[in-house]
Amino acid sequence: MTGDQVRLGTLILPEHPGTAWATIWARAEEMGFDHAWTLDHLTWRVQRDQPWFDALTTLTAAAAVTSRIELGTLVLSPNFRHPVVTARQAMTLDHVSGGRLILGVGAGTAGPDSTALGTPALSPIERGARFEEFVSLVDTLLREPTTTHTGRYFSAEDVTMVPGCVRKPRVPLGLAATGPRGMLLAAEIADMWITIGDVGAPGTESEADAFNTLRRQLARLRAACEQVGRPPIDLRKMVNLSRIVANPYGSPERLADLVGRCADLGFTDVVVAYPRREGIFAGDLSEFEEAVSRMQRGPALGRND
C-alpha cells in the first residue's frame, strides 16, 4: 500500500489437495493482492469429511511459490496451539518467507476445535482470559531471546528464540477482538486489528446494519487506543469483507464501492475470499478476477484513520 490506498487481500481456505494449492497462491500474488490469508481450524463447518490442511504448513508452502505478498493466519486458534510452539513456528515461517508473515490470532471458538485435544470446552470469559495470556506470551517469546513464564493456561521454561524474527521487533501480530478486553489488548500489543463484524452472527445483518456495526467497533477501538495512549493511526485495521456482505465482487463497481466505504470508515486493509465452487464463499472466478483487476487499475482510495 502507498499513499492513501487500502491494502487488498484474499482468504484462501486450506482445502486444496495435490498441487492445486500452488496454482491458487501463486495466482493471488499475480493478481496484485497485498496479502493472502488462510483459516486455522482442525475441522471447519461442513468440511469435516473433506480435505482440510494445517494453516501454518499451508503458509510455509505458499511462501515457496510467492515472493512479495504478505501471508497470514485468519486467525490462529489457542484451542489447539501452545504459545511456545506457535512462536517457534512463526519465527521459522518469518525466515522462510523473507519477513512476510502476519500472525493473526483469535480467542478460539466453541465447537469441535475446542475439545479435539480432550480438554473441556471453556466459557467465553475463560476463552477471553486464555486469549490474553496466549497473545502476551507469544509477543514476549517473539521479542525476547529467552523467556520463562508461568500462567494459568500456558507456561514456558527457559525458552530461547534464536535467531529471532526477520521483521523487528517481531513478526507483526493481528488480533481478532471485538470485546473491551480484547480491543484493549489490541491497542496495547497488536500491529493490526481484525474484524468480521458481528462475531455472533457474521453475514446475517443487512448491509446498512453491518457497516453501522463496523463503525461502532472502530469507535470502541479508537477509545481503547486513547486509553493506552496510542495513536489509532499506528494500528492497521482489517475487515474480512466476505463475512460482512454477500457477493462483494458481483461487479467491479460493487467491489470498489464496498472497499471505498471501508476506507472511509478508517480501515487500512480489506480481505475478500477467493471464490469456492460451492458453500460459504462460493463465487465466480472470472467475476472475482475482473473485479480485483479493475480495483488494481483504479485510483487510490482515500481513508480517514
# chains A, B, ... in the order shown; residues from 1 in each chain; ligands from 1
>>> select_by_dssp(residues="region 43-209 of chain A", states="helix (DSSP H, G or I)", output="PyMOL selection string")
chain A and resi 45-49+55-64+83-96+112-115+124-143+180-189+207-209
>>> select_by_dssp(residues="region 2-80 of chain A", states="strand (DSSP E)", output="list in words")
Arg7, Leu8, Gly9, Thr10, Leu11, His35, Ala36, Trp37, Thr38, Glu70, Leu71, Gly72 and Thr73 of chain A
>>> closest_residue(among="A:Ser97, A:Thr38, A:Gln217, A:Asn247", to="Gly9 (chain A)", atoms="only C-alpha atoms")
A:Thr38
>>> residues_around(residues="Gly99 (chain A)", least_positions_apart="5", cutoff="10 Å", atoms="only C-alpha atoms", output="JSON, numbers by chain")
{"A": [68, 70, 71, 91, 92, 93, 94, 165, 166, 167, 168, 170, 171, 172]}
>>> residues_around(residues="region 105-112 of chain A", least_positions_apart="6", cutoff="6 Å", atoms="only C-alpha atoms", output="PDB file with C-alpha atoms, in the first residue's frame")
ATOM      1  CA  VAL A  75      -6.955 -16.401  12.636  1.00  0.00           C
ATOM      2  CA  LEU A  76      -4.740 -18.749  14.618  1.00  0.00           C
ATOM      3  CA  SER A  77      -6.570 -20.599  17.414  1.00  0.00           C
ATOM      4  CA  PRO A  78      -5.420 -21.164  21.028  1.00  0.00           C
ATOM      5  CA  ASN A  79      -7.902 -24.060  21.133  1.00  0.00           C
ATOM      6  CA  ARG A 127     -11.537 -18.108  26.364  1.00  0.00           C
ATOM      7  CA  PHE A 131      -6.547 -15.349  24.581  1.00  0.00           C
ATOM      8  CA  LEU A 175      -5.694  -9.625  16.798  1.00  0.00           C
ATOM      9  CA  ALA A 176      -9.316 -10.509  16.096  1.00  0.00           C
TER      10      ALA A 176
END
>>> closest_residue(among="A:Val85, A:Leu59, A:Ala263, A:Leu258", to="Ala26 (chain A)", atoms="only C-alpha atoms")
A:Leu59
>>> closest_residue(among="A:Phe281, A:Tyr274, A:Phe288, A:Tyr153", to="Tyr249 (chain A)", atoms="only C-alpha atoms")
A:Phe288
>>> closest_atom_pairs(of="region 36-125 of chain A", to="region 10-14 of chain A", cutoff="9 Å", atoms="only C-alpha atoms", output="Markdown table")
| residue | atom | partner | partner_atom | distance |
| --- | --- | --- | --- | --- |
| A:Ala36 | CA | A:Thr10 | CA | 4.8 |
| A:Trp37 | CA | A:Leu11 | CA | 4.7 |
| A:Thr38 | CA | A:Ile12 | CA | 5.2 |
| A:Leu39 | CA | A:Leu13 | CA | 6.1 |
| A:Asp40 | CA | A:Pro14 | CA | 8.4 |
| A:Pro51 | CA | A:Pro14 | CA | 8.2 |
| A:Trp52 | CA | A:Pro14 | CA | 5.7 |
| A:Phe53 | CA | A:Pro14 | CA | 5.2 |
| A:Asp54 | CA | A:Pro14 | CA | 7.0 |
| A:Ala55 | CA | A:Pro14 | CA | 6.5 |
| A:Thr58 | CA | A:Pro14 | CA | 6.6 |
| A:Leu74 | CA | A:Leu11 | CA | 8.0 |
>>> write_last_selection(atoms="all heavy atoms", output="mmCIF file, in the first residue's frame")
data_model
loop_
_atom_site.group_PDB
_atom_site.id
_atom_site.type_symbol
_atom_site.label_atom_id
_atom_site.label_comp_id
_atom_site.auth_asym_id
_atom_site.auth_seq_id
_atom_site.Cartn_x
_atom_site.Cartn_y
_atom_site.Cartn_z
ATOM 1 N N ALA A 36 -2.392 -12.394 1.579
ATOM 2 C CA ALA A 36 -3.270 -13.555 1.429
ATOM 3 C C ALA A 36 -3.263 -14.333 2.737
ATOM 4 O O ALA A 36 -2.228 -14.448 3.398
ATOM 5 C CB ALA A 36 -2.808 -14.441 0.275
ATOM 6 N N TRP A 37 -4.429 -14.891 3.074
ATOM 7 C CA TRP A 37 -4.640 -15.475 4.395
ATOM 8 C C TRP A 37 -5.255 -16.859 4.283
ATOM 9 O O TRP A 37 -5.844 -17.205 3.262
ATOM 10 C CB TRP A 37 -5.593 -14.586 5.199
ATOM 11 C CG TRP A 37 -5.156 -13.163 5.289
ATOM 12 C CD1 TRP A 37 -5.225 -12.222 4.297
ATOM 13 C CD2 TRP A 37 -4.546 -12.518 6.413
ATOM 14 N NE1 TRP A 37 -4.713 -11.020 4.742
ATOM 15 C CE2 TRP A 37 -4.285 -11.171 6.034
ATOM 16 C CE3 TRP A 37 -4.220 -12.926 7.704
ATOM 17 C CZ2 TRP A 37 -3.706 -10.246 6.901
ATOM 18 C CZ3 TRP A 37 -3.654 -12.016 8.565
ATOM 19 C CH2 TRP A 37 -3.394 -10.690 8.161
ATOM 20 N N THR A 38 -5.137 -17.634 5.353
ATOM 21 C CA THR A 38 -5.844 -18.898 5.424
ATOM 22 C C THR A 38 -6.396 -19.098 6.830
ATOM 23 O O THR A 38 -5.927 -18.470 7.788
ATOM 24 C CB THR A 38 -4.939 -20.072 5.007
ATOM 25 O OG1 THR A 38 -5.757 -21.192 4.645
ATOM 26 C CG2 THR A 38 -3.962 -20.469 6.099
ATOM 27 N N LEU A 39 -7.400 -19.967 6.944
ATOM 28 C CA LEU A 39 -8.045 -20.233 8.229
ATOM 29 C C LEU A 39 -7.244 -21.229 9.052
ATOM 30 O O LEU A 39 -6.484 -22.032 8.504
ATOM 31 C CB LEU A 39 -9.459 -20.780 8.010
ATOM 32 C CG LEU A 39 -10.455 -19.887 7.259
ATOM 33 C CD1 LEU A 39 -11.806 -20.582 7.177
ATOM 34 C CD2 LEU A 39 -10.596 -18.534 7.925
ATOM 35 N N ASP A 40 -7.434 -21.180 10.366
ATOM 36 C CA ASP A 40 -6.760 -22.095 11.273
ATOM 37 C C ASP A 40 -7.798 -22.862 12.072
ATOM 38 O O ASP A 40 -8.273 -22.384 13.102
ATOM 39 C CB ASP A 40 -5.813 -21.329 12.205
ATOM 40 C CG ASP A 40 -4.971 -22.268 13.065
ATOM 41 O OD1 ASP A 40 -4.464 -23.266 12.523
ATOM 42 O OD2 ASP A 40 -4.816 -22.000 14.272
ATOM 43 N N PRO A 51 -11.210 -32.601 2.350
ATOM 44 C CA PRO A 51 -9.810 -32.213 2.543
ATOM 45 C C PRO A 51 -9.688 -30.912 3.340
ATOM 46 O O PRO A 51 -10.402 -29.942 3.084
ATOM 47 C CB PRO A 51 -9.302 -32.029 1.105
ATOM 48 C CG PRO A 51 -10.158 -32.930 0.285
ATOM 49 C CD PRO A 51 -11.523 -32.860 0.926
ATOM 50 N N TRP A 52 -8.776 -30.920 4.299
ATOM 51 C CA TRP A 52 -8.548 -29.733 5.138
ATOM 52 C C TRP A 52 -7.154 -29.843 5.730
ATOM 53 O O TRP A 52 -6.812 -30.851 6.343
ATOM 54 C CB TRP A 52 -9.596 -29.639 6.250
ATOM 55 C CG TRP A 52 -9.576 -28.312 6.936
ATOM 56 C CD1 TRP A 52 -8.956 -27.987 8.124
ATOM 57 C CD2 TRP A 52 -10.187 -27.111 6.478
ATOM 58 N NE1 TRP A 52 -9.149 -26.659 8.417
ATOM 59 C CE2 TRP A 52 -9.909 -26.091 7.419
ATOM 60 C CE3 TRP A 52 -10.948 -26.784 5.363
ATOM 61 C CZ2 TRP A 52 -10.349 -24.779 7.279
ATOM 62 C CZ3 TRP A 52 -11.400 -25.491 5.209
ATOM 63 C CH2 TRP A 52 -11.108 -24.495 6.169
ATOM 64 N N PHE A 53 -6.342 -28.797 5.557
ATOM 65 C CA PHE A 53 -4.931 -28.880 5.908
ATOM 66 C C PHE A 53 -4.542 -27.857 6.964
ATOM 67 O O PHE A 53 -5.264 -26.908 7.233
ATOM 68 C CB PHE A 53 -4.077 -28.720 4.646
ATOM 69 C CG PHE A 53 -4.374 -29.768 3.597
ATOM 70 C CD1 PHE A 53 -5.175 -29.470 2.497
ATOM 71 C CD2 PHE A 53 -3.878 -31.050 3.740
ATOM 72 C CE1 PHE A 53 -5.464 -30.439 1.544
ATOM 73 C CE2 PHE A 53 -4.165 -32.028 2.785
ATOM 74 C CZ PHE A 53 -4.959 -31.723 1.689
ATOM 75 N N ASP A 54 -3.377 -28.051 7.548
ATOM 76 C CA ASP A 54 -2.885 -27.181 8.608
ATOM 77 C C ASP A 54 -2.543 -25.799 8.069
ATOM 78 O O ASP A 54 -1.940 -25.668 6.987
ATOM 79 C CB ASP A 54 -1.645 -27.811 9.239
ATOM 80 C CG ASP A 54 -0.985 -26.906 10.253
ATOM 81 O OD1 ASP A 54 -1.577 -26.683 11.319
ATOM 82 O OD2 ASP A 54 0.118 -26.393 9.958
ATOM 83 N N ALA A 55 -2.872 -24.766 8.836
ATOM 84 C CA ALA A 55 -2.709 -23.388 8.366
ATOM 85 C C ALA A 55 -1.246 -22.988 8.215
ATOM 86 O O ALA A 55 -0.835 -22.442 7.183
ATOM 87 C CB ALA A 55 -3.414 -22.429 9.329
ATOM 88 N N THR A 58 0.472 -24.785 5.439
ATOM 89 C CA THR A 58 -0.018 -24.240 4.173
ATOM 90 C C THR A 58 0.698 -22.938 3.832
ATOM 91 O O THR A 58 1.113 -22.712 2.690
ATOM 92 C CB THR A 58 -1.533 -24.007 4.244
ATOM 93 O OG1 THR A 58 -2.199 -25.262 4.385
ATOM 94 C CG2 THR A 58 -2.052 -23.310 2.992
ATOM 95 N N LEU A 74 -5.833 -16.313 9.597
ATOM 96 C CA LEU A 74 -7.072 -15.558 9.815
ATOM 97 C C LEU A 74 -8.131 -16.464 10.468
ATOM 98 O O LEU A 74 -9.087 -16.850 9.826
ATOM 99 C CB LEU A 74 -7.574 -15.013 8.476
ATOM 100 C CG LEU A 74 -8.664 -13.940 8.521
ATOM 101 C CD1 LEU A 74 -8.132 -12.681 9.172
ATOM 102 C CD2 LEU A 74 -9.176 -13.633 7.130
#
>>> residues_around(residues="region 186-200 of chain A", least_positions_apart="5", cutoff="7 Å", atoms="only C-alpha atoms", output="list in words")
Pro172, Leu173, Gly174, Leu175, Ala176, Ala177, Ala210, Thr213, Leu214, Ala224, Cys225, Val228, Arg230, Leu235, Arg236, Lys237, Met238, Val239, Asn240, Arg243 and Ile244 of chain A
>>> write_last_selection(atoms="all heavy atoms", output="compact mmCIF listing (two decimals), in the first residue's frame")
# COMPACT_ATOMS: atom_id res chain seq x y z
N PRO A 172 4.72 -9.26 12.88
CA PRO A 172 3.52 -8.48 13.19
C PRO A 172 2.39 -9.37 13.71
O PRO A 172 2.15 -10.45 13.19
CB PRO A 172 3.14 -7.85 11.84
CG PRO A 172 4.40 -7.86 11.05
CD PRO A 172 5.14 -9.09 11.47
N LEU A 173 1.70 -8.88 14.75
CA LEU A 173 0.55 -9.58 15.31
C LEU A 173 -0.73 -8.89 14.89
O LEU A 173 -0.87 -7.67 15.03
CB LEU A 173 0.64 -9.60 16.85
CG LEU A 173 1.69 -10.50 17.49
CD1 LEU A 173 1.62 -10.35 19.01
CD2 LEU A 173 1.50 -11.95 17.09
N GLY A 174 -1.69 -9.68 14.41
CA GLY A 174 -3.03 -9.18 14.12
C GLY A 174 -4.01 -9.84 15.07
O GLY A 174 -4.06 -11.07 15.15
N LEU A 175 -4.78 -9.06 15.81
CA LEU A 175 -5.69 -9.63 16.80
C LEU A 175 -7.14 -9.44 16.37
O LEU A 175 -7.57 -8.32 16.05
CB LEU A 175 -5.48 -8.97 18.17
CG LEU A 175 -4.10 -9.12 18.79
CD1 LEU A 175 -4.13 -8.67 20.25
CD2 LEU A 175 -3.57 -10.54 18.67
N ALA A 176 -7.88 -10.54 16.35
CA ALA A 176 -9.32 -10.51 16.10
C ALA A 176 -10.02 -10.35 17.44
O ALA A 176 -10.04 -11.29 18.24
CB ALA A 176 -9.77 -11.78 15.39
N ALA A 177 -10.55 -9.18 17.70
CA ALA A 177 -11.12 -8.89 19.01
C ALA A 177 -12.18 -7.82 18.89
O ALA A 177 -11.94 -6.78 18.28
CB ALA A 177 -10.03 -8.43 19.97
N ALA A 210 -24.63 -3.82 8.92
CA ALA A 210 -23.27 -4.34 9.02
C ALA A 210 -22.25 -3.21 9.07
O ALA A 210 -21.31 -3.24 9.87
CB ALA A 210 -22.98 -5.27 7.85
N THR A 213 -22.34 -1.59 12.40
CA THR A 213 -21.60 -2.40 13.37
C THR A 213 -20.11 -2.11 13.27
O THR A 213 -19.42 -1.92 14.29
CB THR A 213 -21.86 -3.90 13.13
OG1 THR A 213 -23.23 -4.19 13.41
CG2 THR A 213 -20.98 -4.76 14.03
N LEU A 214 -19.58 -2.05 12.05
CA LEU A 214 -18.16 -1.75 11.87
C LEU A 214 -17.82 -0.36 12.40
O LEU A 214 -16.78 -0.16 13.03
CB LEU A 214 -17.80 -1.83 10.38
CG LEU A 214 -17.90 -3.20 9.72
CD1 LEU A 214 -17.54 -3.11 8.24
CD2 LEU A 214 -17.02 -4.23 10.42
N ALA A 224 -10.10 2.61 22.92
CA ALA A 224 -9.10 1.76 23.56
C ALA A 224 -7.70 2.28 23.30
O ALA A 224 -6.85 2.29 24.21
CB ALA A 224 -9.23 0.32 23.05
N CYS A 225 -7.44 2.73 22.07
CA CYS A 225 -6.13 3.30 21.76
C CYS A 225 -5.86 4.55 22.60
O CYS A 225 -4.75 4.75 23.12
CB CYS A 225 -6.04 3.64 20.27
SG CYS A 225 -5.89 2.20 19.18
N VAL A 228 -4.81 3.73 26.17
CA VAL A 228 -3.42 3.29 26.41
C VAL A 228 -2.41 4.28 25.86
O VAL A 228 -1.20 4.04 25.91
CB VAL A 228 -3.19 1.89 25.79
CG1 VAL A 228 -4.13 0.87 26.40
CG2 VAL A 228 -3.29 1.92 24.27
N ARG A 230 -2.07 5.36 22.64
CA ARG A 230 -1.55 5.01 21.31
C ARG A 230 -2.34 5.72 20.22
O ARG A 230 -3.57 5.65 20.21
CB ARG A 230 -1.64 3.50 21.09
CG ARG A 230 -1.11 3.04 19.72
CD ARG A 230 -1.21 1.53 19.59
NE ARG A 230 -0.56 1.06 18.38
CZ ARG A 230 -0.47 -0.22 18.03
NH1 ARG A 230 -1.01 -1.16 18.82
NH2 ARG A 230 0.14 -0.57 16.92
N LEU A 235 -2.18 1.74 14.18
CA LEU A 235 -2.69 0.37 14.19
C LEU A 235 -3.41 0.08 12.86
O LEU A 235 -4.36 0.78 12.51
CB LEU A 235 -3.66 0.19 15.36
CG LEU A 235 -4.27 -1.20 15.59
CD1 LEU A 235 -3.18 -2.22 15.94
CD2 LEU A 235 -5.32 -1.13 16.70
N ARG A 236 -2.93 -0.91 12.13
CA ARG A 236 -3.65 -1.33 10.92
C ARG A 236 -4.99 -1.93 11.33
O ARG A 236 -5.11 -2.57 12.38
CB ARG A 236 -2.83 -2.35 10.13
CG ARG A 236 -1.62 -1.76 9.44
CD ARG A 236 -0.69 -2.81 8.85
NE ARG A 236 -1.27 -3.57 7.76
CZ ARG A 236 -0.60 -4.48 7.05
NH1 ARG A 236 0.67 -4.77 7.37
NH2 ARG A 236 -1.19 -5.13 6.06
N LYS A 237 -6.00 -1.73 10.47
CA LYS A 237 -7.34 -2.20 10.79
C LYS A 237 -7.87 -2.95 9.57
O LYS A 237 -8.00 -2.38 8.50
CB LYS A 237 -8.25 -1.01 11.12
CG LYS A 237 -7.68 -0.11 12.21
CD LYS A 237 -8.35 1.25 12.21
CE LYS A 237 -7.59 2.23 13.07
NZ LYS A 237 -6.31 2.67 12.43
N MET A 238 -8.18 -4.24 9.77
CA MET A 238 -8.57 -5.09 8.64
C MET A 238 -9.95 -5.68 8.84
O MET A 238 -10.30 -6.13 9.93
CB MET A 238 -7.56 -6.22 8.45
CG MET A 238 -7.79 -7.00 7.16
SD MET A 238 -6.52 -8.25 6.86
CE MET A 238 -7.10 -9.57 7.93
N VAL A 239 -10.74 -5.70 7.77
CA VAL A 239 -12.06 -6.30 7.79
C VAL A 239 -12.13 -7.38 6.71
O VAL A 239 -11.65 -7.18 5.60
CB VAL A 239 -13.17 -5.25 7.57
CG1 VAL A 239 -12.96 -4.47 6.28
CG2 VAL A 239 -14.55 -5.89 7.61
N ASN A 240 -12.69 -8.52 7.09
CA ASN A 240 -12.96 -9.59 6.12
C ASN A 240 -14.31 -9.28 5.49
O ASN A 240 -15.36 -9.62 6.02
CB ASN A 240 -12.97 -10.95 6.82
CG ASN A 240 -13.22 -12.10 5.85
OD1 ASN A 240 -13.47 -11.89 4.67
ND2 ASN A 240 -13.14 -13.32 6.37
N ARG A 243 -17.24 -11.77 5.01
CA ARG A 243 -18.07 -12.14 6.14
C ARG A 243 -19.07 -11.04 6.50
O ARG A 243 -19.89 -11.22 7.39
CB ARG A 243 -17.21 -12.45 7.37
CG ARG A 243 -16.27 -13.62 7.22
CD ARG A 243 -16.97 -14.93 6.92
NE ARG A 243 -17.94 -15.34 7.91
CZ ARG A 243 -17.66 -16.04 9.00
NH1 ARG A 243 -16.41 -16.39 9.25
NH2 ARG A 243 -18.60 -16.40 9.84
N ILE A 244 -18.97 -9.91 5.82
CA ILE A 244 -19.81 -8.76 6.14
C ILE A 244 -21.00 -8.66 5.20
O ILE A 244 -22.14 -8.43 5.62
CB ILE A 244 -18.99 -7.45 6.05
CG1 ILE A 244 -17.78 -7.50 6.98
CG2 ILE A 244 -19.86 -6.23 6.37
CD1 ILE A 244 -18.11 -7.63 8.44
>>> closest_residue(among="A:Gly128, A:Pro120, A:Pro83, A:Pro180", to="Thr140 (chain A)", atoms="only C-alpha atoms")
A:Pro83
>>> atom_distance(atom1="CA of Ser242 (chain A)", atom2="CA of Thr43 (chain A)")
20.1 Å
>>> decode(residues="region 42-69 of chain A", atoms="C-alpha atoms", output="PDB file, in the first residue's frame")
ATOM      1  CA  LEU A  42      -8.770 -28.676  12.784  1.00  0.00           C
ATOM      2  CA  THR A  43     -12.210 -29.128  11.279  1.00  0.00           C
ATOM      3  CA  TRP A  44     -14.419 -26.467   9.738  1.00  0.00           C
ATOM      4  CA  ARG A  45     -18.167 -26.388   9.243  1.00  0.00           C
ATOM      5  CA  VAL A  46     -19.352 -28.943   6.649  1.00  0.00           C
ATOM      6  CA  GLN A  47     -15.750 -29.665   5.635  1.00  0.00           C
ATOM      7  CA  ARG A  48     -15.360 -32.247   8.419  1.00  0.00           C
ATOM      8  CA  ASP A  49     -15.114 -35.137   5.927  1.00  0.00           C
ATOM      9  CA  GLN A  50     -13.464 -33.127   3.164  1.00  0.00           C
ATOM     10  CA  PRO A  51      -9.810 -32.213   2.543  1.00  0.00           C
ATOM     11  CA  TRP A  52      -8.548 -29.733   5.138  1.00  0.00           C
ATOM     12  CA  PHE A  53      -4.931 -28.880   5.908  1.00  0.00           C
ATOM     13  CA  ASP A  54      -2.885 -27.181   8.608  1.00  0.00           C
ATOM     14  CA  ALA A  55      -2.709 -23.388   8.366  1.00  0.00           C
ATOM     15  CA  LEU A  56       0.957 -22.772   9.186  1.00  0.00           C
ATOM     16  CA  THR A  57       2.150 -25.619   6.969  1.00  0.00           C
ATOM     17  CA  THR A  58      -0.018 -24.240   4.173  1.00  0.00           C
ATOM     18  CA  LEU A  59       1.516 -20.795   4.566  1.00  0.00           C
ATOM     19  CA  THR A  60       5.016 -22.280   4.532  1.00  0.00           C
ATOM     20  CA  ALA A  61       4.205 -23.922   1.211  1.00  0.00           C
ATOM     21  CA  ALA A  62       2.640 -20.682  -0.040  1.00  0.00           C
ATOM     22  CA  ALA A  63       5.855 -18.831   0.825  1.00  0.00           C
ATOM     23  CA  ALA A  64       7.710 -21.154  -1.553  1.00  0.00           C
ATOM     24  CA  VAL A  65       5.583 -20.196  -4.562  1.00  0.00           C
ATOM     25  CA  THR A  66       5.364 -16.452  -3.853  1.00  0.00           C
ATOM     26  CA  SER A  67       7.924 -13.716  -3.294  1.00  0.00           C
ATOM     27  CA  ARG A  68       6.119 -10.463  -2.491  1.00  0.00           C
ATOM     28  CA  ILE A  69       2.717 -10.962  -0.932  1.00  0.00           C
TER      29      ILE A  69
END
